[in-house]
$ cat entry.cif   # mmCIF, N, CA and C atoms
data_upload
#
loop_
_atom_site.label_atom_id
_atom_site.label_comp_id
_atom_site.auth_asym_id
_atom_site.auth_seq_id
_atom_site.Cartn_x
_atom_site.Cartn_y
_atom_site.Cartn_z
N MET A 1 84.56 97.67 86.61
CA MET A 1 84.62 97.60 85.16
C MET A 1 86.01 98.04 84.71
N ALA A 2 86.64 97.26 83.89
CA ALA A 2 87.99 97.56 83.43
C ALA A 2 87.96 98.68 82.41
N THR A 3 88.95 99.54 82.49
CA THR A 3 89.04 100.62 81.50
C THR A 3 89.79 100.12 80.28
N GLU A 4 89.39 100.62 79.14
CA GLU A 4 90.02 100.21 77.90
C GLU A 4 91.16 101.17 77.58
N HIS A 5 92.35 100.63 77.41
CA HIS A 5 93.51 101.43 77.04
C HIS A 5 93.90 101.05 75.61
N ARG A 6 94.34 102.01 74.87
CA ARG A 6 94.70 101.76 73.48
C ARG A 6 96.19 101.47 73.31
N ALA A 7 96.93 101.41 74.41
CA ALA A 7 98.35 101.08 74.33
C ALA A 7 98.52 99.56 74.30
N ILE A 8 99.64 99.13 73.82
CA ILE A 8 99.95 97.70 73.78
C ILE A 8 100.58 97.33 75.11
N HIS A 9 100.05 96.32 75.76
CA HIS A 9 100.57 95.84 77.02
C HIS A 9 101.10 94.42 76.82
N PHE A 10 102.22 94.11 77.49
CA PHE A 10 102.78 92.77 77.38
C PHE A 10 103.38 92.37 78.71
N ASP A 11 103.57 91.09 78.88
CA ASP A 11 104.17 90.55 80.09
C ASP A 11 105.67 90.44 79.85
N PRO A 12 106.50 91.20 80.58
CA PRO A 12 107.95 91.14 80.35
C PRO A 12 108.53 89.74 80.56
N GLY A 13 107.87 88.91 81.35
CA GLY A 13 108.34 87.54 81.57
C GLY A 13 108.27 86.69 80.31
N GLN A 14 107.42 87.07 79.37
CA GLN A 14 107.31 86.32 78.12
C GLN A 14 108.42 86.68 77.14
N PHE A 15 109.17 87.75 77.41
CA PHE A 15 110.23 88.19 76.52
C PHE A 15 111.53 88.33 77.30
N PRO A 16 112.16 87.21 77.65
CA PRO A 16 113.42 87.29 78.40
C PRO A 16 114.52 87.88 77.51
N PRO A 17 115.47 88.60 78.09
CA PRO A 17 116.56 89.17 77.29
C PRO A 17 117.37 88.08 76.60
N GLU A 18 117.65 88.29 75.33
CA GLU A 18 118.46 87.37 74.54
C GLU A 18 119.63 88.16 73.98
N PRO A 19 120.76 87.49 73.73
CA PRO A 19 121.89 88.21 73.14
C PRO A 19 121.53 88.67 71.72
N MET A 20 121.54 89.99 71.52
CA MET A 20 121.23 90.57 70.22
C MET A 20 122.26 91.64 69.91
N GLN A 21 122.46 91.87 68.63
CA GLN A 21 123.41 92.88 68.18
C GLN A 21 122.73 94.25 68.21
N CYS A 22 123.42 95.22 68.80
CA CYS A 22 122.91 96.60 68.85
C CYS A 22 122.84 97.13 67.42
N LEU A 23 121.75 97.77 67.09
CA LEU A 23 121.58 98.29 65.73
C LEU A 23 122.41 99.54 65.49
N ARG A 24 122.98 100.12 66.55
CA ARG A 24 123.76 101.35 66.39
C ARG A 24 125.26 101.08 66.43
N CYS A 25 125.73 100.37 67.46
CA CYS A 25 127.17 100.17 67.61
C CYS A 25 127.63 98.76 67.24
N GLY A 26 126.70 97.82 67.14
CA GLY A 26 127.05 96.46 66.74
C GLY A 26 127.47 95.56 67.89
N GLU A 27 127.50 96.06 69.12
CA GLU A 27 127.88 95.25 70.28
C GLU A 27 126.76 94.25 70.59
N VAL A 28 127.13 93.05 70.98
CA VAL A 28 126.15 92.02 71.34
C VAL A 28 125.87 92.13 72.83
N VAL A 29 124.62 92.45 73.17
CA VAL A 29 124.20 92.59 74.56
C VAL A 29 122.84 91.91 74.72
N PRO A 30 122.51 91.47 75.95
CA PRO A 30 121.18 90.86 76.15
C PRO A 30 120.09 91.94 76.14
N MET A 31 119.13 91.78 75.24
CA MET A 31 118.01 92.73 75.12
C MET A 31 116.73 91.94 74.86
N ALA A 32 115.61 92.49 75.27
CA ALA A 32 114.32 91.85 75.03
C ALA A 32 113.84 92.12 73.61
N PHE A 33 114.19 93.28 73.04
CA PHE A 33 113.77 93.66 71.70
C PHE A 33 114.94 94.23 70.93
N CYS A 34 114.89 94.17 69.61
CA CYS A 34 115.94 94.74 68.77
C CYS A 34 115.91 96.26 68.88
N GLY A 35 117.08 96.87 68.81
CA GLY A 35 117.18 98.31 68.87
C GLY A 35 118.56 98.70 69.38
N PRO A 36 118.71 99.94 69.80
CA PRO A 36 120.00 100.34 70.36
C PRO A 36 120.19 99.74 71.75
N CYS A 37 121.44 99.45 72.10
CA CYS A 37 121.74 98.88 73.42
C CYS A 37 121.55 99.96 74.49
N PRO A 38 121.51 99.57 75.76
CA PRO A 38 121.31 100.57 76.82
C PRO A 38 122.36 101.68 76.81
N ARG A 39 123.62 101.36 76.51
CA ARG A 39 124.66 102.38 76.47
C ARG A 39 124.39 103.38 75.34
N CYS A 40 124.03 102.90 74.17
CA CYS A 40 123.71 103.79 73.05
C CYS A 40 122.46 104.61 73.34
N THR A 41 121.49 104.00 74.00
CA THR A 41 120.27 104.72 74.35
C THR A 41 120.59 105.91 75.25
N GLU A 42 121.44 105.70 76.25
CA GLU A 42 121.83 106.79 77.15
C GLU A 42 122.60 107.87 76.39
N GLU A 43 123.49 107.46 75.48
CA GLU A 43 124.25 108.43 74.69
C GLU A 43 123.30 109.28 73.84
N LEU A 44 122.33 108.65 73.21
CA LEU A 44 121.38 109.37 72.37
C LEU A 44 120.52 110.32 73.19
N ARG A 45 120.07 109.87 74.36
CA ARG A 45 119.26 110.74 75.22
C ARG A 45 120.06 111.95 75.67
N ALA A 46 121.32 111.75 76.04
CA ALA A 46 122.17 112.86 76.48
C ALA A 46 122.44 113.83 75.32
N LYS A 47 122.63 113.30 74.13
CA LYS A 47 122.97 114.13 72.97
C LYS A 47 121.77 114.96 72.50
N TYR A 48 120.59 114.38 72.48
CA TYR A 48 119.42 115.05 71.91
C TYR A 48 118.43 115.57 72.94
N ARG A 49 118.82 115.61 74.21
CA ARG A 49 117.93 116.13 75.26
C ARG A 49 117.82 117.64 75.09
N SER A 50 116.62 118.16 75.19
CA SER A 50 116.40 119.60 75.08
C SER A 50 115.23 119.99 75.98
N GLU A 51 115.13 121.26 76.21
CA GLU A 51 114.05 121.79 77.03
C GLU A 51 112.84 122.08 76.16
N GLY A 52 111.66 121.91 76.73
CA GLY A 52 110.44 122.24 76.01
C GLY A 52 110.30 123.75 75.90
N ARG A 53 109.61 124.20 74.88
CA ARG A 53 109.42 125.64 74.71
C ARG A 53 108.02 125.91 74.19
N ALA A 54 107.53 127.09 74.47
CA ALA A 54 106.21 127.50 74.00
C ALA A 54 106.37 128.09 72.60
N VAL A 55 105.53 127.66 71.70
CA VAL A 55 105.58 128.14 70.33
C VAL A 55 104.31 128.93 70.06
N THR A 56 104.49 130.15 69.57
CA THR A 56 103.33 130.96 69.23
C THR A 56 103.16 130.93 67.71
N ALA A 57 101.94 130.83 67.29
CA ALA A 57 101.65 130.78 65.86
C ALA A 57 100.55 131.79 65.55
N ALA A 58 100.52 132.21 64.31
CA ALA A 58 99.48 133.14 63.88
C ALA A 58 98.12 132.44 63.93
N ALA A 59 97.08 133.23 64.14
CA ALA A 59 95.73 132.67 64.16
C ALA A 59 95.38 132.12 62.78
N TYR A 60 94.68 131.02 62.77
CA TYR A 60 94.30 130.38 61.51
C TYR A 60 93.21 131.19 60.82
N GLU A 61 93.46 131.54 59.57
CA GLU A 61 92.46 132.23 58.76
C GLU A 61 92.26 131.39 57.50
N PRO A 62 91.10 130.81 57.33
CA PRO A 62 90.88 129.97 56.15
C PRO A 62 90.93 130.81 54.87
N ALA A 63 91.54 130.25 53.85
CA ALA A 63 91.64 130.94 52.56
C ALA A 63 90.46 130.54 51.68
N MET A 64 90.03 131.48 50.84
CA MET A 64 88.93 131.17 49.92
C MET A 64 89.54 130.74 48.59
N HIS A 65 89.37 129.46 48.27
CA HIS A 65 89.93 128.91 47.04
C HIS A 65 88.85 128.63 45.99
N VAL A 66 87.68 129.20 46.15
CA VAL A 66 86.60 128.96 45.20
C VAL A 66 86.09 130.29 44.68
N THR A 67 85.49 130.27 43.52
CA THR A 67 84.88 131.46 42.94
C THR A 67 83.49 131.63 43.53
N PRO A 68 83.12 132.85 43.94
CA PRO A 68 81.76 133.04 44.46
C PRO A 68 80.72 132.65 43.42
N ASN A 69 79.57 132.26 43.89
CA ASN A 69 78.48 131.82 43.03
C ASN A 69 78.02 132.99 42.15
N ALA A 70 77.97 132.77 40.84
CA ALA A 70 77.58 133.83 39.92
C ALA A 70 76.16 134.29 40.14
N VAL A 71 75.26 133.42 40.57
CA VAL A 71 73.87 133.79 40.82
C VAL A 71 73.80 134.76 42.00
N ALA A 72 74.62 134.55 42.99
CA ALA A 72 74.59 135.41 44.17
C ALA A 72 75.15 136.79 43.86
N LEU A 73 75.94 136.91 42.81
CA LEU A 73 76.55 138.20 42.48
C LEU A 73 75.70 139.06 41.56
N THR A 74 74.67 138.50 40.97
CA THR A 74 73.84 139.30 40.03
C THR A 74 72.98 140.29 40.77
N ASP A 75 72.85 141.49 40.19
CA ASP A 75 71.98 142.52 40.77
C ASP A 75 70.65 142.48 40.06
N ASP A 76 69.57 142.49 40.82
CA ASP A 76 68.23 142.46 40.22
C ASP A 76 67.62 143.82 40.21
#
$ encode --input "entry.cif" --output "structure tokens"
Amino acid sequence: MATEHRAIHFDPGQFPPEPMQCLRCGEVVPMAFCGPCPRCTEELRAKYRSEGRAVTAAAYEPAMHVTPNAVALTDD
């Protein structure tokens, strides 16, 4: 039984590289899809590469944004 994946799958043979203008530097290079050229992609990855880090956050405490029920507050 085939598993269902929610990602988009395509056959690269249906999208041969065509000469397209890089959206970042304007150079015309063969690409399958519009976007930055391979050289710009490598430059961007090198520039914005960073290490992952653990982030600690305070425990979630829900705030009470409603007025308590007046019937529940009456003393009998």
$ residues_near_point --input "entry.cif" --point "(122.5, 93.0, 77.9)" --cutoff "8 Å" --atoms "all atoms listed in the file" --output "number ranges by chain"
A: 17-20, 28-32, 37-38
$ atom_distance --input "entry.cif" --atom1 "atom C of Gly26 (chain A)" --atom2 "CA of Thr41 (chain A)"
13.3 Å
$ residues_around --input "entry.cif" --residues "Gly35 (chain A)" --least-positions-apart "6" --cutoff "8 Å" --atoms "only C-alpha atoms" --output "list in words"
Cys22, Leu23 and Arg24 of chain A
$ atom_distance --input "entry.cif" --atom1 "CA of Arg6 (chain A)" --atom2 "CA of Arg45 (chain A)"
26.2 Å
$ select_by_dssp --input "entry.cif" --residues "region 5-51 of chain A" --states "strand (DSSP E or B)" --output "VMD selection string"
chain A and resid 18 to 21 28 to 31
